[in-house]
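Data block below; observations after.
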Amino acid sequence: MRRLCMVLVALALPLLSACGGGGPSDPTAREITDEQLSLMVLPLSDLGSQYADFELDEEESGFHSNEQAVEDALDKEDEARDVEQFGQVNSYEEQYLSSGAFLEGEGPALIGTQVYLHEEADGASGDLRDSVEDAKRQVGKSKEGVAFESLEEFDAADIADESAAYNFRAATTSGDENATFHGTAVGFRRGRIIGGAIILRLDDQDVREEVTAIARKLDERILAVLRGEVEQPASAPTSQARPAPTSEPTSAPTSEPTSAPSAAVSPSDVLDSFRFSSEMAVEVDGGLTLTMEGEFEAPDRLGCTISGSLSGTKVGEDNLVVIGEDAWVDTGTGFQATSADDSAVVNDLDLCPGSPRFWAGFDFLQDPSSIPGQPDTMNGVDATRYALGEAAAALKSIGFLPAELEGMTINTFDVWVAEDGGWPVALDMDITADAQAAAETFGIPAGEAGQQARITMRVDITDVNAGDIHVAPPTP
């Protein structure tokens with residue numbers, strides 16, 4: 001879901017990445033540090049109480065170098081020319097996502113603000129005018145399973161020195177059904193800084209006034225930072241997701257290692273090779289489903305494909321290859337080389353049962369002796385089946401779920417553990433949560449009607465130590 005949002009946001013980024021002229025009293029006509037730039041975006045608390053439950057998109061939030069701007073653009077060649085022609089220096093943004101919106105099929109799914117710095121006012125002003133034309137040219141085109149259907153400009157009135165705004169509509173192009181998305185973007189110029197605000201919704205509610213008001217609030221914060229009225233908090237906020245780029249920007253790293261430390265036992269800790277498959281689904285008046293499949297080859301080779309669907313409509317696919325410290329990711333435009341600690345790679349590994357990161361929360365695998373088990377055979381492996389769903393108290397004691405289980409019904413929670421090596425062979429989970437529990441535990445908005453949520457997950461490890469499993473780097 002997050003990657004789909006990023007494709008849609010990319011349509012608005014050309015507009016939001018422009019800035020304009022200045023003058024003798026231009027407050028931006030001086031040195032502006034990376035710290036000041038990062039303080040200019042609006043924190044979540046300033047975006048409105050209706051977004052209080054949104055979560056920071058750590059991968060997309062933070063500094064974006066010119067190289068990253070080109071890589072993220074829908075038209076990379078045009079963006080490269082624009083960056084050089086109009087003199088963009090640096091940018092910083094923060095975006096917040098709601099998984100509940102995708103599950104319910106309506107409401108706001110993404111909200112964010114951005115600031116972009118240019119070398120000179122003249123070039124930045126030209127960038128503002130060019131950006132709207134760039135966005136118009138995307139209408140009728142598709143990228144990564146998303147077709148941009150329409151774009152309509154509207155008057156955002158007077159914000160700072162000049163402004164531009166538009167609504168756009170896009171739809172998924174994969175699957176039997178289409179999901180439609182509605183975006184509203186407002187960009188404005190304050191000297192050689194551009195400020196931008198965007199809201200992406202899964203319905204056609206008119207939010208032009210709301211986004212325009214957020215843009216005005218952003219302009220006020222930019223001026224407050226330039227006057228020295230906004231200071232860096234004593235402790236770094238969670239919203240500062242990505243550090244300022246160095247002289248040689250790279251893919252945004254994460255401080256977490258590829259193999260997260262854990263007391264849990266992962267199949268990759270024990271086996272020479274195996275194949276894996278997994279499906280996770282959340283149903284709330286519709287459904288979000290993720291499917292994962294791939295192969296592992298010891299000691300550190302993994303291939304994984306992650307597909308997502310919303311109410312039966314495919315919305316994206318990632319292909320990942322990790323070999324030691326090297327990694328390659330394909331989101332629909334071909335494999336791109338990166339590193340195993342790239343945040344995008346780490347996020348994908350969290351979903352792939354071939355990685356120890358997936359099993360990091362299953363601490364009871366280290367010593368399940370306190371839970372009754374029955375001998376069984378699963379996927380051709382002699383194993384012990386632990387019916388955790390029959391012992392909610394045991395689940396609470398091992399800490400796999402939050403301490404408060406009130407409001408949840410554990411229909412099934414079975415784990416098969418290999419007799420030889422103690423690694424997980426399979427997992428089958430089916431949980432029903434009332435509105436409050438769904439909101440508190442899984443981040444699903446309760447809503448006025450108080451809907452239940454059903455969360456299911458199935459994991460299988462197969463072809464154990466098969467000699468035909470070989471994970472190789474992708475061919476160019």
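By order in the structure tokens, chains are A, B, ...; within a chain, residues start at 1; ligands start at 1, following the order shown.
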Next item on the list: Write out as a PyMOL selection string the residues lying within 8 Å of Met280 in chain A, counting only C-alpha atoms and excluding same-chain residues fewer than 3 positions away.
Entry: chain A and resi 289-291+455-458
Got time to write the residues from that selection, N, CA and C atoms, as a compact mmCIF listing (two decimals), in the first residue's frame?
```
# COMPACT_ATOMS: atom_id res chain seq x y z
N THR A 289 -4.78 -7.78 1.19
CA THR A 289 -4.08 -9.07 1.21
C THR A 289 -2.67 -8.91 0.68
N LEU A 290 -1.71 -9.49 1.39
CA LEU A 290 -0.33 -9.53 0.96
C LEU A 290 0.08 -10.99 0.80
N THR A 291 0.67 -11.33 -0.33
CA THR A 291 1.19 -12.67 -0.54
C THR A 291 2.69 -12.59 -0.77
N ILE A 455 -8.30 -10.95 11.00
CA ILE A 455 -6.89 -10.96 10.60
C ILE A 455 -6.46 -12.42 10.45
N THR A 456 -6.00 -12.79 9.26
CA THR A 456 -5.57 -14.16 9.02
C THR A 456 -4.14 -14.17 8.47
N MET A 457 -3.43 -15.24 8.75
CA MET A 457 -2.08 -15.39 8.23
C MET A 457 -1.76 -16.88 8.09
N ARG A 458 -1.16 -17.24 6.96
CA ARG A 458 -0.71 -18.62 6.73
C ARG A 458 0.72 -18.57 6.23
```
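You will find CA of Ile371 in chain A at 27.5 Å from CA of Arg275 in chain A.
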Next item on the list: Find the residues around range 297-310 of chain A up to 6 Å (only C-alpha atoms counted), leave out those fewer than 4 positions away in its own chain, and share them as a PyMOL selection string.
Entry: chain A and resi 272-273+287-293+314-324+471
Export N, CA and C atoms of the chosen residues as an mmCIF file, in the first residue's frame?
```
data_model
loop_
_atom_site.group_PDB
_atom_site.id
_atom_site.type_symbol
_atom_site.label_atom_id
_atom_site.label_comp_id
_atom_site.auth_asym_id
_atom_site.auth_seq_id
_atom_site.Cartn_x
_atom_site.Cartn_y
_atom_site.Cartn_z
ATOM 1 N N ASP A 272 19.850 -25.525 5.129
ATOM 2 C CA ASP A 272 20.734 -25.147 4.023
ATOM 3 C C ASP A 272 19.968 -24.429 2.918
ATOM 4 N N SER A 273 18.708 -24.804 2.727
ATOM 5 C CA SER A 273 17.877 -24.157 1.708
ATOM 6 C C SER A 273 16.427 -24.520 1.956
ATOM 7 N N GLY A 287 -10.976 -5.820 1.904
ATOM 8 C CA GLY A 287 -9.838 -6.553 2.422
ATOM 9 C C GLY A 287 -8.536 -6.182 1.770
ATOM 10 N N LEU A 288 -7.474 -6.168 2.580
ATOM 11 C CA LEU A 288 -6.114 -5.970 2.125
ATOM 12 C C LEU A 288 -5.384 -7.294 2.276
ATOM 13 N N THR A 289 -4.777 -7.784 1.188
ATOM 14 C CA THR A 289 -4.083 -9.069 1.212
ATOM 15 C C THR A 289 -2.670 -8.909 0.683
ATOM 16 N N LEU A 290 -1.713 -9.488 1.394
ATOM 17 C CA LEU A 290 -0.325 -9.531 0.958
ATOM 18 C C LEU A 290 0.081 -10.989 0.798
ATOM 19 N N THR A 291 0.672 -11.328 -0.332
ATOM 20 C CA THR A 291 1.192 -12.670 -0.543
ATOM 21 C C THR A 291 2.695 -12.594 -0.770
ATOM 22 N N MET A 292 3.431 -13.502 -0.162
ATOM 23 C CA MET A 292 4.880 -13.557 -0.242
ATOM 24 C C MET A 292 5.314 -14.962 -0.618
ATOM 25 N N GLU A 293 6.272 -15.064 -1.513
ATOM 26 C CA GLU A 293 6.846 -16.368 -1.839
ATOM 27 C C GLU A 293 8.288 -16.180 -2.280
ATOM 28 N N LYS A 314 -5.302 -6.095 -7.662
ATOM 29 C CA LYS A 314 -3.867 -6.041 -7.447
ATOM 30 C C LYS A 314 -3.386 -4.594 -7.463
ATOM 31 N N VAL A 315 -2.587 -4.223 -6.455
ATOM 32 C CA VAL A 315 -2.150 -2.834 -6.336
ATOM 33 C C VAL A 315 -0.641 -2.673 -6.325
ATOM 34 N N GLY A 316 0.105 -3.734 -6.523
ATOM 35 C CA GLY A 316 1.553 -3.562 -6.573
ATOM 36 C C GLY A 316 2.291 -4.858 -6.330
ATOM 37 N N GLU A 317 3.572 -4.875 -6.728
ATOM 38 C CA GLU A 317 4.411 -6.056 -6.524
ATOM 39 C C GLU A 317 5.856 -5.625 -6.384
ATOM 40 N N ASP A 318 6.539 -6.191 -5.408
ATOM 41 C CA ASP A 318 7.976 -6.003 -5.212
ATOM 42 C C ASP A 318 8.681 -7.332 -5.437
ATOM 43 N N ASN A 319 9.825 -7.288 -6.119
ATOM 44 C CA ASN A 319 10.706 -8.447 -6.231
ATOM 45 C C ASN A 319 12.036 -8.082 -5.588
ATOM 46 N N LEU A 320 12.505 -8.931 -4.702
ATOM 47 C CA LEU A 320 13.685 -8.632 -3.892
ATOM 48 C C LEU A 320 14.671 -9.784 -3.967
ATOM 49 N N VAL A 321 15.952 -9.445 -4.123
ATOM 50 C CA VAL A 321 17.044 -10.418 -4.025
ATOM 51 C C VAL A 321 18.073 -9.839 -3.060
ATOM 52 N N VAL A 322 18.465 -10.640 -2.067
ATOM 53 C CA VAL A 322 19.484 -10.222 -1.101
ATOM 54 C C VAL A 322 20.570 -11.285 -1.063
ATOM 55 N N ILE A 323 21.806 -10.859 -1.245
ATOM 56 C CA ILE A 323 22.963 -11.751 -1.142
ATOM 57 C C ILE A 323 23.997 -11.058 -0.264
ATOM 58 N N GLY A 324 24.114 -11.538 0.964
ATOM 59 C CA GLY A 324 25.034 -10.898 1.897
ATOM 60 C C GLY A 324 24.636 -9.453 2.149
ATOM 61 N N VAL A 471 19.908 -19.111 -5.368
ATOM 62 C CA VAL A 471 19.555 -17.698 -5.442
ATOM 63 C C VAL A 471 20.736 -16.940 -6.011
#
```
Note to self: I need the strand (DSSP E or B) residues of range 121-199 of chain A per DSSP on the backbone, written as number ranges by chain.
What the structure shows: A: 142-143, 146-153, 160, 162-172, 180-190, 193-199
Keeping only C-alpha atoms, write the selected residues to a file as a PDB file, in the first residue's frame.
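Ended up saving to part_38.pdb:
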```
ATOM      1  CA  SER A 142       0.288   4.493 -16.396  1.00  0.00           C
ATOM      2  CA  LYS A 143       3.056   3.525 -13.987  1.00  0.00           C
ATOM      3  CA  VAL A 146      -1.712   2.971 -11.738  1.00  0.00           C
ATOM      4  CA  ALA A 147      -3.379   4.972 -14.534  1.00  0.00           C
ATOM      5  CA  PHE A 148      -3.653   8.756 -14.135  1.00  0.00           C
ATOM      6  CA  GLU A 149      -7.113   9.624 -15.433  1.00  0.00           C
ATOM      7  CA  SER A 150      -7.616  13.360 -14.952  1.00  0.00           C
ATOM      8  CA  LEU A 151      -6.175  16.592 -13.562  1.00  0.00           C
ATOM      9  CA  GLU A 152      -8.024  19.837 -12.833  1.00  0.00           C
ATOM     10  CA  GLU A 153      -6.378  23.065 -11.705  1.00  0.00           C
ATOM     11  CA  ALA A 160       3.104  33.767  -0.103  1.00  0.00           C
ATOM     12  CA  GLU A 162       2.573  32.817  -5.813  1.00  0.00           C
ATOM     13  CA  SER A 163       0.799  29.476  -5.795  1.00  0.00           C
ATOM     14  CA  ALA A 164      -0.598  26.662  -7.932  1.00  0.00           C
ATOM     15  CA  ALA A 165      -2.987  23.823  -7.140  1.00  0.00           C
ATOM     16  CA  TYR A 166      -4.850  20.927  -8.688  1.00  0.00           C
ATOM     17  CA  ASN A 167      -6.977  17.850  -8.070  1.00  0.00           C
ATOM     18  CA  PHE A 168      -6.129  14.588  -9.799  1.00  0.00           C
ATOM     19  CA  ARG A 169      -7.725  11.169 -10.112  1.00  0.00           C
ATOM     20  CA  ALA A 170      -6.004   7.825 -10.641  1.00  0.00           C
ATOM     21  CA  ALA A 171      -7.078   4.191 -10.729  1.00  0.00           C
ATOM     22  CA  THR A 172      -5.402   0.804 -10.433  1.00  0.00           C
ATOM     23  CA  THR A 180      -9.956   4.864  -7.564  1.00  0.00           C
ATOM     24  CA  PHE A 181      -7.817   7.429  -5.758  1.00  0.00           C
ATOM     25  CA  HIS A 182      -8.322  11.197  -5.485  1.00  0.00           C
ATOM     26  CA  GLY A 183      -5.453  13.589  -4.751  1.00  0.00           C
ATOM     27  CA  THR A 184      -5.331  17.308  -3.956  1.00  0.00           C
ATOM     28  CA  ALA A 185      -2.032  19.209  -4.045  1.00  0.00           C
ATOM     29  CA  VAL A 186      -1.267  22.861  -3.285  1.00  0.00           C
ATOM     30  CA  GLY A 187       2.174  24.382  -3.861  1.00  0.00           C
ATOM     31  CA  PHE A 188       3.351  27.908  -3.113  1.00  0.00           C
ATOM     32  CA  ARG A 189       6.480  30.033  -3.409  1.00  0.00           C
ATOM     33  CA  ARG A 190       8.150  31.810  -0.494  1.00  0.00           C
ATOM     34  CA  ILE A 193      11.656  27.959  -0.957  1.00  0.00           C
ATOM     35  CA  ILE A 194       8.647  26.035  -2.168  1.00  0.00           C
ATOM     36  CA  GLY A 195       6.132  24.691   0.313  1.00  0.00           C
ATOM     37  CA  GLY A 196       3.660  22.015  -0.644  1.00  0.00           C
ATOM     38  CA  ALA A 197       0.758  20.127   0.918  1.00  0.00           C
ATOM     39  CA  ILE A 198      -1.000  17.014  -0.361  1.00  0.00           C
ATOM     40  CA  ILE A 199      -3.906  14.798   0.690  1.00  0.00           C
TER      41      ILE A 199
END
```
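Here CA of Asp46 in chain A and CA of Lys217 in chain A stand 8.4 Å from one another.
CA of Ile431 in chain A is positioned 17.8 Å from CA of Trp416 in chain A.
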Compile the contact shell of Leu44 in chain A as a compact mmCIF listing (two decimals) with N, CA and C atoms, in the first residue's frame: residues with an atom at most 12 Å away, counting only C-alpha atoms, same-chain residues fewer than 3 positions apart removed.
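result.txt, written as the output of this step:
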```txt
# COMPACT_ATOMS: atom_id res chain seq x y z
N VAL A 41 8.69 21.61 7.74
CA VAL A 41 7.47 20.84 7.47
C VAL A 41 6.60 20.78 8.71
N LEU A 47 -1.56 18.97 11.65
CA LEU A 47 -2.33 18.66 10.45
C LEU A 47 -3.82 18.44 10.73
N GLY A 48 -4.20 18.33 11.98
CA GLY A 48 -5.61 18.15 12.33
C GLY A 48 -5.83 16.89 13.12
N SER A 49 -6.79 16.94 14.05
CA SER A 49 -7.05 15.80 14.94
C SER A 49 -7.51 14.56 14.20
N GLN A 50 -8.10 14.74 13.00
CA GLN A 50 -8.59 13.58 12.25
C GLN A 50 -7.46 12.71 11.73
N TYR A 51 -6.21 13.21 11.81
CA TYR A 51 -5.06 12.44 11.34
C TYR A 51 -4.19 11.93 12.49
N ALA A 52 -4.71 11.99 13.70
CA ALA A 52 -3.90 11.65 14.88
C ALA A 52 -3.41 10.21 14.85
N ASP A 53 -4.17 9.31 14.21
CA ASP A 53 -3.80 7.90 14.20
C ASP A 53 -2.94 7.52 13.00
N PHE A 54 -2.61 8.48 12.14
CA PHE A 54 -1.77 8.19 10.98
C PHE A 54 -0.34 7.89 11.46
N GLU A 55 0.38 7.12 10.66
CA GLU A 55 1.75 6.75 11.01
C GLU A 55 2.73 7.34 10.00
N LEU A 56 3.87 7.77 10.49
CA LEU A 56 4.91 8.33 9.63
C LEU A 56 5.41 7.27 8.65
N ASP A 57 5.49 7.63 7.39
CA ASP A 57 6.11 6.77 6.38
C ASP A 57 7.62 7.03 6.44
N GLU A 94 7.68 15.13 4.88
CA GLU A 94 7.15 14.15 5.82
C GLU A 94 5.77 13.75 5.35
N GLN A 95 5.55 12.44 5.26
CA GLN A 95 4.28 11.90 4.80
C GLN A 95 3.75 10.92 5.84
N TYR A 96 2.43 10.93 6.01
CA TYR A 96 1.77 10.08 7.00
C TYR A 96 0.70 9.24 6.32
N LEU A 97 0.61 7.95 6.70
CA LEU A 97 -0.28 7.00 6.04
C LEU A 97 -1.31 6.44 7.01
N LEU A 110 -3.38 9.36 2.83
CA LEU A 110 -2.05 9.95 2.96
C LEU A 110 -2.18 11.45 3.12
N ILE A 111 -1.34 12.03 3.96
CA ILE A 111 -1.25 13.48 4.10
C ILE A 111 0.22 13.83 4.31
N GLY A 112 0.66 14.93 3.74
CA GLY A 112 2.07 15.29 3.90
C GLY A 112 2.35 16.72 3.51
N THR A 113 3.49 17.21 3.97
CA THR A 113 3.98 18.53 3.56
C THR A 113 5.44 18.40 3.16
N ILE A 214 -3.84 24.03 5.03
CA ILE A 214 -2.59 23.41 5.48
C ILE A 214 -1.40 24.10 4.83
N LEU A 218 1.69 25.96 6.61
CA LEU A 218 3.07 25.62 6.29
C LEU A 218 3.88 26.87 5.99
N PRO A 237 13.02 14.12 17.16
CA PRO A 237 11.68 13.59 16.99
C PRO A 237 11.67 12.41 16.05
N THR A 238 10.62 11.57 16.18
CA THR A 238 10.51 10.41 15.30
C THR A 238 10.27 10.81 13.86
N SER A 239 9.82 12.05 13.66
CA SER A 239 9.53 12.47 12.30
C SER A 239 10.78 12.75 11.49
N GLN A 240 11.91 12.90 12.13
CA GLN A 240 13.14 13.13 11.39
C GLN A 240 13.66 11.78 10.91
```
